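> Input: one structure, supplied below.
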Amino acid sequence: MSEIRDKSLAALGQAKIDWVKDFMPVLDHIGKRFEQEKPFAGLRMAISVHLEAKTAYLGLLMRQGGAQVAITGSNPLSTKDDICAALDAQGMEVNAFFGATAQEYTRHLKKTLEIRPHIVIDDGGDLVNLLHGECAEYAGDVIGGCEETTTGILRLKARAAAGELHFPMMAVNDAHSKYLFDNRYGTGQSVWDGIIHATNLSVAGRTVVVAGYGWCGRGIALRAKGLGANVIVTEIDSFKAIEAIMDGFRVLPMIEAAKYGDIFVTATGCNRVIRKEHFAVMKNNALLANAGHFDVEVDKNDLVSLSDHVAERKPFIEGYYLKDGRVLNLLSEGRLVNITAGNGHAADIMDLSFAVQALSALHLAQHGREMEPGLHNVPAELDREIARIKIESLGMQLDSLSQEQKDYLSGWQV
């Protein structure tokens with residue numbers, strides 16, 4: 001039985017789901033196949049995602065394929081109550097509502113796992129973590145799962161290295177159809193949608209400091225530059241730092257960049273990226289935002305220790321009033337991405353990302369029982385199939401190699 005906030009919002013939520021479906025042609029293509037073949041018949045699926053319209057469509061698509069689905073939100077601040085109501089009205093088990101406390105959030109995760117899933121679709125690794133700990137009793141039927149975030153993959157790699165990953169997990173985040181588009185263009189756009197929505201300020205002419213130049217950091221920096229910002233990148237990897245320089249950005253250590261930044265965005269997946277020594281040299285009214293999945297990159301404990309008091313300045317912005325008279329502003333309680341942007345990443349971008357989720361789940365349904373426990377790459381042929389469907393949906397055709405060219409290339413020796 002669902003645990004949601006307001007069933008009366010179902011019609012509004014359904015309208016949002018119907019809207020995004022029109023802009024997700026790859027998922028639509030896969031959904032028609034699932035409806036005909038029913039590849040998940042007899043299987044139970046637990047899903048933890050940012051629970052808004054696009055991810056609701058993914059959940060419905062899995063049920064279209066025959067799965068019994070229980071779904072929850074991977075972040076209480078991105079959960080949309082109208083979407084929860086719409087899914088509940090369609091008979092899906094939904095355990096989530098906006099603004100859940102930490103205790104309520106954990107309860108929703110555990111309640112979702114009571115379905116005793118065969119397949120897990122995770123966003124950040126919380127379901128998998130519970131299945132290896134407090135909820136191990138629900139893991140007996142697990143065939144495998146999918147993980148779509150950089151942070152979640154890092155958690156899985158650590159667990160696998162320790163010999164503590166007990167079933168196969170598909171590294172959805174590492175598929176080309178995911179990170180080249182969702183991480184770069186999806187995060188790149190939604191982060192700035194969120195910051196602009198929350199602050200009601202322009203970006204042009206401001207100095208933006210982007211911490212981390214992975215695929216998310218690349219997208220955030222690219223979009224900031226396009227909005228007219230002066231962009232500084234901080235990075236610990238030499239190759240990525242060189243790439244940032246060649247992309248036209250200034251690269252500095254955070255202790256130097258902290259002196260110049262008007263807006264700081266972290267996208268590293270690491271903890272305490274911005275901390276006490278950095279806060280000490282920042283400008284008055286600097287804005288701090290974390291685009292990473294977990295609220296660990298901006299050290300709030302250090303902020304509190306430097307402050308006389310903390311107060312909400314406006315929705316989604318906490319003001320830390322420092323003892324020296326400066327104010328530092330933290331957006332969305334340290335978790336920006338997919339929160340203040342309202343609807344998260346663009347539907348046409350997430351079409352690719354969720355297509356990887358859908359076909360990875362299909363791969364597990366077909367082959368999961370034969371796979372070794374651990375982290376597995378998405379098969380290249382699935383990745384290419386998604387790209388092909390997307391290209392065709394755009395009304396485009398690609399050039400192809402002639403037989404002569406194929407023969408020529410096959411003659412090369414590595």
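Chain labels A, B, ... are given in the sequence in which chains occur in the structure tokens; within each chain residues are numbered consecutively from 1, and ligands are likewise numbered from 1 in the order shown.
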Tell me, which residues of segment 19-115 of chain A carry DSSP strand (DSSP E or B), written as a list in words?
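In segment 19-115 of chain A, DSSP puts these residues in strand (DSSP E or B): Arg44, Met45, Ala46, Ile47, Ser48, Val49, Gln68, Val69, Ala70, Ile71, Thr72, Gly73, Glu93, Val94 and Asn95 of chain A.
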> Could you save those same residues with N, CA and C atoms as a PDB file, in the first residue's frame?

ATOM      1  N   ARG A  44       9.656  -8.862  -9.875  1.00  0.00           N
ATOM      2  CA  ARG A  44       9.376  -7.708  -9.019  1.00  0.00           C
ATOM      3  C   ARG A  44      10.538  -6.726  -9.118  1.00  0.00           C
ATOM      4  N   MET A  45      10.220  -5.439  -9.148  1.00  0.00           N
ATOM      5  CA  MET A  45      11.233  -4.418  -9.365  1.00  0.00           C
ATOM      6  C   MET A  45      11.078  -3.304  -8.328  1.00  0.00           C
ATOM      7  N   ALA A  46      12.176  -2.963  -7.649  1.00  0.00           N
ATOM      8  CA  ALA A  46      12.215  -1.836  -6.710  1.00  0.00           C
ATOM      9  C   ALA A  46      13.004  -0.706  -7.358  1.00  0.00           C
ATOM     10  N   ILE A  47      12.410   0.488  -7.408  1.00  0.00           N
ATOM     11  CA  ILE A  47      13.020   1.626  -8.083  1.00  0.00           C
ATOM     12  C   ILE A  47      13.166   2.787  -7.108  1.00  0.00           C
ATOM     13  N   SER A  48      14.378   3.352  -7.037  1.00  0.00           N
ATOM     14  CA  SER A  48      14.632   4.579  -6.277  1.00  0.00           C
ATOM     15  C   SER A  48      15.256   5.594  -7.221  1.00  0.00           C
ATOM     16  N   VAL A  49      14.493   6.633  -7.562  1.00  0.00           N
ATOM     17  CA  VAL A  49      14.931   7.643  -8.522  1.00  0.00           C
ATOM     18  C   VAL A  49      14.432   9.011  -8.041  1.00  0.00           C
ATOM     19  N   GLN A  68       6.096  -6.203 -11.618  1.00  0.00           N
ATOM     20  CA  GLN A  68       5.419  -5.627 -10.456  1.00  0.00           C
ATOM     21  C   GLN A  68       6.373  -4.609  -9.873  1.00  0.00           C
ATOM     22  N   VAL A  69       5.981  -3.338  -9.800  1.00  0.00           N
ATOM     23  CA  VAL A  69       6.900  -2.251  -9.476  1.00  0.00           C
ATOM     24  C   VAL A  69       6.512  -1.575  -8.164  1.00  0.00           C
ATOM     25  N   ALA A  70       7.510  -1.356  -7.325  1.00  0.00           N
ATOM     26  CA  ALA A  70       7.382  -0.464  -6.165  1.00  0.00           C
ATOM     27  C   ALA A  70       8.419   0.634  -6.346  1.00  0.00           C
ATOM     28  N   ILE A  71       8.011   1.896  -6.157  1.00  0.00           N
ATOM     29  CA  ILE A  71       8.893   3.018  -6.479  1.00  0.00           C
ATOM     30  C   ILE A  71       8.956   4.012  -5.332  1.00  0.00           C
ATOM     31  N   THR A  72      10.125   4.630  -5.161  1.00  0.00           N
ATOM     32  CA  THR A  72      10.312   5.670  -4.154  1.00  0.00           C
ATOM     33  C   THR A  72      11.221   6.747  -4.730  1.00  0.00           C
ATOM     34  N   GLY A  73      11.406   7.837  -3.981  1.00  0.00           N
ATOM     35  CA  GLY A  73      12.263   8.926  -4.433  1.00  0.00           C
ATOM     36  C   GLY A  73      13.659   8.798  -3.862  1.00  0.00           C
ATOM     37  N   GLU A  93       2.638   0.837  -6.465  1.00  0.00           N
ATOM     38  CA  GLU A  93       3.010   1.121  -5.078  1.00  0.00           C
ATOM     39  C   GLU A  93       4.041   2.253  -5.061  1.00  0.00           C
ATOM     40  N   VAL A  94       3.728   3.331  -4.338  1.00  0.00           N
ATOM     41  CA  VAL A  94       4.590   4.509  -4.268  1.00  0.00           C
ATOM     42  C   VAL A  94       4.816   4.858  -2.804  1.00  0.00           C
ATOM     43  N   ASN A  95       6.066   4.978  -2.409  1.00  0.00           N
ATOM     44  CA  ASN A  95       6.409   5.355  -1.035  1.00  0.00           C
ATOM     45  C   ASN A  95       7.325   6.563  -1.077  1.00  0.00           C
TER      46      ASN A  95
END
> Apply DSSP to the structure's backbone, then extract all residues of segment 94-155 of chain A labelled helix (DSSP H, G or I) and return them as a VMD selection string.
chain A and resid 102 to 113 126 to 131 136 to 138 150 to 155
> For Ser307 of chain A, which of A:Ala280, A:Leu51, A:Ala221, A:Leu287 is the closest residue, counting only C-alpha atoms?
A:Ala280
> So that I can see what lies close to segment 166-183 of chain A, please list as number ranges by chain the residues with an atom at most 7 Å from it, counting only C-alpha atoms and leaving out residues fewer than 4 positions away in the same chain.
A: 143-150, 153, 187, 215-216, 349-350, 352-353, 356-357, 360, 371-378, 383, 387
> For segment 266-270 of chain A, find every residue with an atom within 7 Å (counting only C-alpha atoms), except residues of its own chain fewer than 6 positions away, and show them as an mmCIF file with C-alpha atoms, in the first residue's frame.

data_model
loop_
_atom_site.group_PDB
_atom_site.id
_atom_site.type_symbol
_atom_site.label_atom_id
_atom_site.label_comp_id
_atom_site.auth_asym_id
_atom_site.auth_seq_id
_atom_site.Cartn_x
_atom_site.Cartn_y
_atom_site.Cartn_z
ATOM 1 C CA THR A 151 28.349 8.773 -6.867
ATOM 2 C CA VAL A 210 33.296 24.807 -10.666
ATOM 3 C CA ALA A 211 34.835 22.124 -8.457
ATOM 4 C CA GLY A 212 35.567 19.023 -10.520
ATOM 5 C CA CYS A 216 29.051 16.926 -14.877
ATOM 6 C CA GLY A 217 31.656 19.611 -14.185
ATOM 7 C CA ALA A 289 25.706 25.069 -4.492
ATOM 8 C CA ASN A 290 26.353 21.319 -4.613
ATOM 9 C CA ALA A 291 25.501 19.439 -7.805
ATOM 10 C CA GLY A 292 26.644 16.099 -6.352
ATOM 11 C CA GLU A 297 30.867 18.501 -0.687
#
> Return the single residue from A:Ala361, A:Thr199, A:Ala224, A:Gln397 that is closest to Lys314 of chain A, with distances computed using only C-alpha atoms.
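Smallest separation from Lys314 of chain A among the options: A:Thr199.
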> For each of A:Ile245, A:Tyr57, A:Glu256, A:Phe294, take the minimum atom-to-atom distance to Pro25 of chain A, counting only C-alpha atoms, then give the residue where this is smallest.
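Under the stated criterion, the closest residue is A:Tyr57.
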> Could you jot down the atom CA of Gly205 of chain A to atom CA of Ala229 of chain A separation for me, Å, one decimal place?
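A separation of 5.0 Å between them.
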> Show which residues sit within 9 Å of segment 16-20 of chain A, as a PDB file with C-alpha atoms, in the first residue's frame. Count only C-alpha atoms, and ignore same-chain residues fewer than 5 positions away.

ATOM      1  CA  ALA A  11      -4.730  14.533 -12.535  1.00  0.00           C
ATOM      2  CA  GLU A  52       9.218  13.350 -11.085  1.00  0.00           C
ATOM      3  CA  ALA A  53       7.469  13.026 -14.446  1.00  0.00           C
ATOM      4  CA  LYS A  54      10.253  11.469 -16.526  1.00  0.00           C
ATOM      5  CA  THR A  55      11.173   8.857 -13.951  1.00  0.00           C
ATOM      6  CA  ALA A  56       7.497   8.078 -13.449  1.00  0.00           C
ATOM      7  CA  TYR A  57       7.350   7.270 -17.145  1.00  0.00           C
ATOM      8  CA  ASP A  82       1.476  15.152  -7.895  1.00  0.00           C
ATOM      9  CA  ILE A  83       3.590  12.546  -9.695  1.00  0.00           C
ATOM     10  CA  ALA A  86      -0.601   9.897 -10.490  1.00  0.00           C
ATOM     11  CA  ALA A 347      13.078  15.135 -20.956  1.00  0.00           C
ATOM     12  CA  ASP A 348      14.854  14.738 -24.299  1.00  0.00           C
TER      13      ASP A 348
END
> Find the residue from A:Lys390, A:His108, A:Lys323, A:Lys240 that sits nearest to Ile30 of chain A; use only C-alpha atoms when measuring.
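Of A:Lys390, A:His108, A:Lys323, A:Lys240, the one nearest Ile30 of chain A is A:Lys390, counting only C-alpha atoms.
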> Just the number, please: distance in Å from atom CA of Ala158 of chain A to atom CA of Arg272 of chain A, one decimal.
18.9 Å
> Taking into account only C-alpha atoms, which residue in the set A:Val273, A:Ile121, A:Ala41, A:Leu77 is nearest to Thr101 of chain A?
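For Thr101 of chain A, the nearest of the candidates is A:Leu77.
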> Find, counting only C-alpha atoms, the residue in A:Asn284, A:Ser190, A:Ser332, A:Ser2 that gets nearest to Met92 of chain A.
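With only C-alpha atoms as the atom set, the closest residue is A:Ser2.
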> Within 6 Å of Val142 of chain A, counting only C-alpha atoms, which residues qualify if same-chain residues fewer than 4 places away don't, as an NGL selection string?
:A and (117-119)
